[in-house]
Amino acid sequence: MQRGVAAQVSQFVEGFPDAMRQPRCRPDRPALVSNRARGNTTGMEDNPGRALLRKWMAGKPTDYYACNPNLAEVLRTSAGCEALDEMAERLHEFGRTVGEALEPLVADCERIENLPVLRGWDGIGERTEHIEFHSSYQEAGRHVWRAGLLALHNEPSRAFEQAALFYLLCHQGEGGHACPVACTAGLIRALREHGPAELREKYLPPLIDRDYDNADIGAQYLTEVQGGSDVGANLVRAEPDPESEGTWRISGEKWFCSVANADQFLMTARVAGPGSGTAGLGAFLVPRRLRDGSVNHFRIRRLKSKLGTRAMASAEIDFEGAVGYPIGDPADGFKIAVGVVLNCSRWINALGSTGVMRRAYIEAASYASCRTAFGKTIAEYPLIRETLATIKCEEAAALASTMYLTGLIDRIDTGRADEHHRALYRFVVNANKYITSIAASESCRMAVEVLGGNGTIEDFSPVPRLLRDNIVFESWEGTHNVLSNQVLRDSVRMGILDEVYTEVEDGLRGLDGRDGASPAEDAAALSSSLRALRERIKTSLSNTQHGETHFRRQLTELTRLLQATRLLIEAEAESARGVGSEKADVAAFFIRRHLIPGYAPEADRDWSDRIDRILAADLERMSAVSAVHETSDHR
C-alpha cells in the first residue's frame, strides 16, 4: 500500500480540469477573449500578471475529494478501509458537484442583488410569509439534497459519510444551504429519537426526501431577545389546545430564526407546571402550514442583515397561537433541544469550519504557487511558506478531532457506546466546536494575507465569504465563552475530564516505541504538558470564581492536546499502511506551535526543513497542474 508523492500527485491531478485534453474555463467564469480579438491592440492581453491569474483560476480543483488525499487517509484510519471503499465513489461525485456545479451557483446567490427577500403579502392582500430566493439558490439546493446529506441522517450507521459530505459542502462556506442541512439534521434526529409514532410518520419522510423541490426543510428557533445563551429566561409560551387533543398553541417572539423559509420549525416554549428556568421548557414541532394549506399563525417581522451566511434567510418571527406538537415529554424539552438538536449542530458546525479551512488553504496555496514577486513565486518565500504550513496544520488538527467526534457519534448511533464514550462525547462535542471555529477564522485571515489586497475582493476569490461565514459559525450553537462554561459545569458535576485524561494518556502510551513512526519526543512532550495542565485544572474545578476566569485557557490547551494525540495516532496508522505522508511533521508543527512551553522556532534547526516537508507534496501537485495548464495555453 505504499503511496509516494508521485501516486499522490496522480490522485490530486484527478481533481482538476484536464486542460491537456479539453481546455476550458471554470463554469463560474466567462470565457476569456483577448483584447486583440476584440480589436483592442493595447497589449493588455500580454500582461504577465493577468496571465498567471488566468492560469491560477483555470487550474483550481473541480473535485474537492480527489484533491485532498488527507481526507481519505483520515477516513481510512477512523472509519476503516472497508467503509471508505464503500463510500469513496459517492464522495468523488459530491466533490465534483461542489467544485463544478455549486461553485458558480453559490457565487451567484451570494451577490447582494440576489439575496433573499421577504414577500409577506400576495397580490390580493393576504399574508403569505413567503421568502423569495434567487433561482441559483434553488438550483444549489437541488444538488445538495440529491447527494443524500439528509437522507443519511435516518440511517444510524452512516455518520462518517454524513461528516465527509458536509465537510466537502463547506468548501463553499455556508453557501446558503449548510445551515438548513444542519437544522434539518437536528430535527430528523429529534423526531427519530423522541418523536411519537404519529408525528414521525407524518413529518419525518419529507425531511429525508432527496428531492429538494418536494422535501421539507427544518429549522431550530430557540433564541429570544432576552434569552440567547440564557435559555432559561425564554418567555415564548405553549398552552394545550382545548379543542384538539395533543395539539398545543405557541405564542411569543423568537429573535434569531435562521432558515426562516423552513417547512418545519423545532421550537422551545414554556409550559405550565414544571417550574422556571430551563426546567419549564418544552420542545415542539411547529409546521409552517396547517392541514388546509394556510399559513400557521406566525408573522415574519423582518429578515436579518448579517455579516455572513447571507444567502440563508434569518428573521425575527412573532407566533400568535401557532399550532405545535410536543416532541417527547414537554418536561424533557430542554434536554432534547440541547442534547440532541444543538449537539448535532455543534458536530456539523465543526465540520463546516474544517471545510472552510481546507478551502482557504487551497486558495492560498494555489495562489502562492502562481503569483510571482521579485522574480520568483511567493510560495518560495519563507514567511509565506510558514503561513501556508500553519493553515494546513490547523486544518489537519481540526479534521482529526472532528472525525474522532464522528467516531463517538457513530458508536452512540449504533448502540456500541459505553459510559466512557458518552462522557468523551459530552466533552468533545462542545470543546471541538469551540476550537475549530476559532482556528478557521484565523486560517481565513491568514489566507487573506497570502492573497494580499486581492484577498479582500469579493469576486476575486471565495476567501472573503469564507471569513464572513465562519465568523457567524463562531457564534452559532454557543459562543466560545458559553461552550467553555458548559464544559466547566459538566466537569464539576459529572467528572468527565477524568475520561478525557484517560483517552489522551492511553493514546500517547500506545504510540511509544512503535516502529519509530511517531517521534517519542512529541509523545513525551504531550504527556508532560498533560500532567502540568491537570494540576492547573484542579484549581478551576474546586474554585468556581477561578474556573470562570481561567478555565477557557485550560480548555483550549486540553482540546489541542487531544487534537495532537489524534494527529500522532493518524501518523502512525498511515506509516503502518505504507503511506508516504507528511502527517508526523504536521503533528510536530502543531505541537510546537501550541503545546511546548517556551518553544522558539529560531532555536529549532529543523524548523524550515519541517515546513518544506509539510508543503512539498501539495506544492508539487499544484506545480504539476500549473504545468498542464501552461502547456495547454501555448497550444
# chains A, B, ... in the order shown; residues from 1 in each chain; ligands from 1

call {"tool": "residues_around", "arguments": {"residues": "Leu115 in chain A", "least_positions_apart": "3", "cutoff": "12 Å", "atoms": "only C-alpha atoms", "output": "list in words"}}
result
Val106, Ala107, Asp108, Cys109, Glu110, Arg111, Ile112, Leu118, Ile131, Glu132, Phe133, His134, Ser135, Ser136, Tyr137, Gln138, Gly175, Gly176, Leu303, Lys304, Ser305, Lys306, Gly308, Thr309, Arg310, Ala311, Met312, Ala313 and Ser314 of chain A

call {"tool": "residues_around", "arguments": {"residues": "range 187-195 of chain A", "least_positions_apart": "4", "cutoff": "9 Å", "atoms": "only C-alpha atoms", "output": "VMD selection string"}}
result
chain A and resid 150 153 to 154 182 to 183 199 to 200 203 to 204 207 to 208 218 to 220 264 to 266 285 326 to 329 336 to 337 340 to 341 344

call {"tool": "residues_around", "arguments": {"residues": "range 546-563 of chain A", "least_positions_apart": "4", "cutoff": "6 Å", "atoms": "only C-alpha atoms", "output": "PDB file with all heavy atoms, in the first residue's frame"}}
result
ATOM      1  N   ALA A 397      -5.497  19.264  12.140  1.00  0.00           N
ATOM      2  CA  ALA A 397      -5.870  19.028  13.532  1.00  0.00           C
ATOM      3  C   ALA A 397      -7.382  19.071  13.697  1.00  0.00           C
ATOM      4  O   ALA A 397      -7.972  18.258  14.428  1.00  0.00           O
ATOM      5  CB  ALA A 397      -5.201  20.063  14.438  1.00  0.00           C
ATOM      6  N   SER A 401      -9.734  15.873  15.017  1.00  0.00           N
ATOM      7  CA  SER A 401     -10.611  15.863  16.196  1.00  0.00           C
ATOM      8  C   SER A 401     -12.074  15.724  15.804  1.00  0.00           C
ATOM      9  O   SER A 401     -12.860  15.093  16.527  1.00  0.00           O
ATOM     10  CB  SER A 401     -10.398  17.129  17.032  1.00  0.00           C
ATOM     11  OG  SER A 401     -10.632  18.308  16.271  1.00  0.00           O
ATOM     12  N   SER A 484     -17.299  27.081  26.812  1.00  0.00           N
ATOM     13  CA  SER A 484     -16.290  26.865  27.846  1.00  0.00           C
ATOM     14  C   SER A 484     -16.951  26.677  29.212  1.00  0.00           C
ATOM     15  O   SER A 484     -16.605  25.762  29.975  1.00  0.00           O
ATOM     16  CB  SER A 484     -15.317  28.049  27.889  1.00  0.00           C
ATOM     17  OG  SER A 484     -14.398  27.916  28.963  1.00  0.00           O
ATOM     18  N   SER A 540      -9.366  25.112  39.002  1.00  0.00           N
ATOM     19  CA  SER A 540     -10.575  25.622  38.347  1.00  0.00           C
ATOM     20  C   SER A 540     -11.803  24.822  38.739  1.00  0.00           C
ATOM     21  O   SER A 540     -12.907  25.364  38.851  1.00  0.00           O
ATOM     22  CB  SER A 540     -10.396  25.599  36.831  1.00  0.00           C
ATOM     23  OG  SER A 540      -9.443  26.545  36.421  1.00  0.00           O
TER      24      SER A 540
END

call {"tool": "closest_residue", "arguments": {"among": "A:Cys370, A:Ala389, A:Ala66, A:Val74", "to": "Ala51 in chain A", "atoms": "only C-alpha atoms"}}
result
A:Cys370

call {"tool": "select_by_dssp", "arguments": {"residues": "range 348-596 of chain A", "states": "strand (DSSP E or B)", "output": "count of residues only"}}
result
5

call {"tool": "residues_around", "arguments": {"residues": "Asp230 in chain A", "least_positions_apart": "2", "cutoff": "12 Å", "atoms": "only C-alpha atoms", "output": "JSON, numbers by chain"}}
result
{"A": [222, 223, 224, 225, 226, 227, 228, 232, 233, 234, 235, 277, 278, 334, 478, 479, 482, 486]}

call {"tool": "closest_residue", "arguments": {"among": "A:Asp85, A:Gly415, A:Ala616, A:Arg299", "to": "Ala379 in chain A", "atoms": "only C-alpha atoms"}}
result
A:Ala616
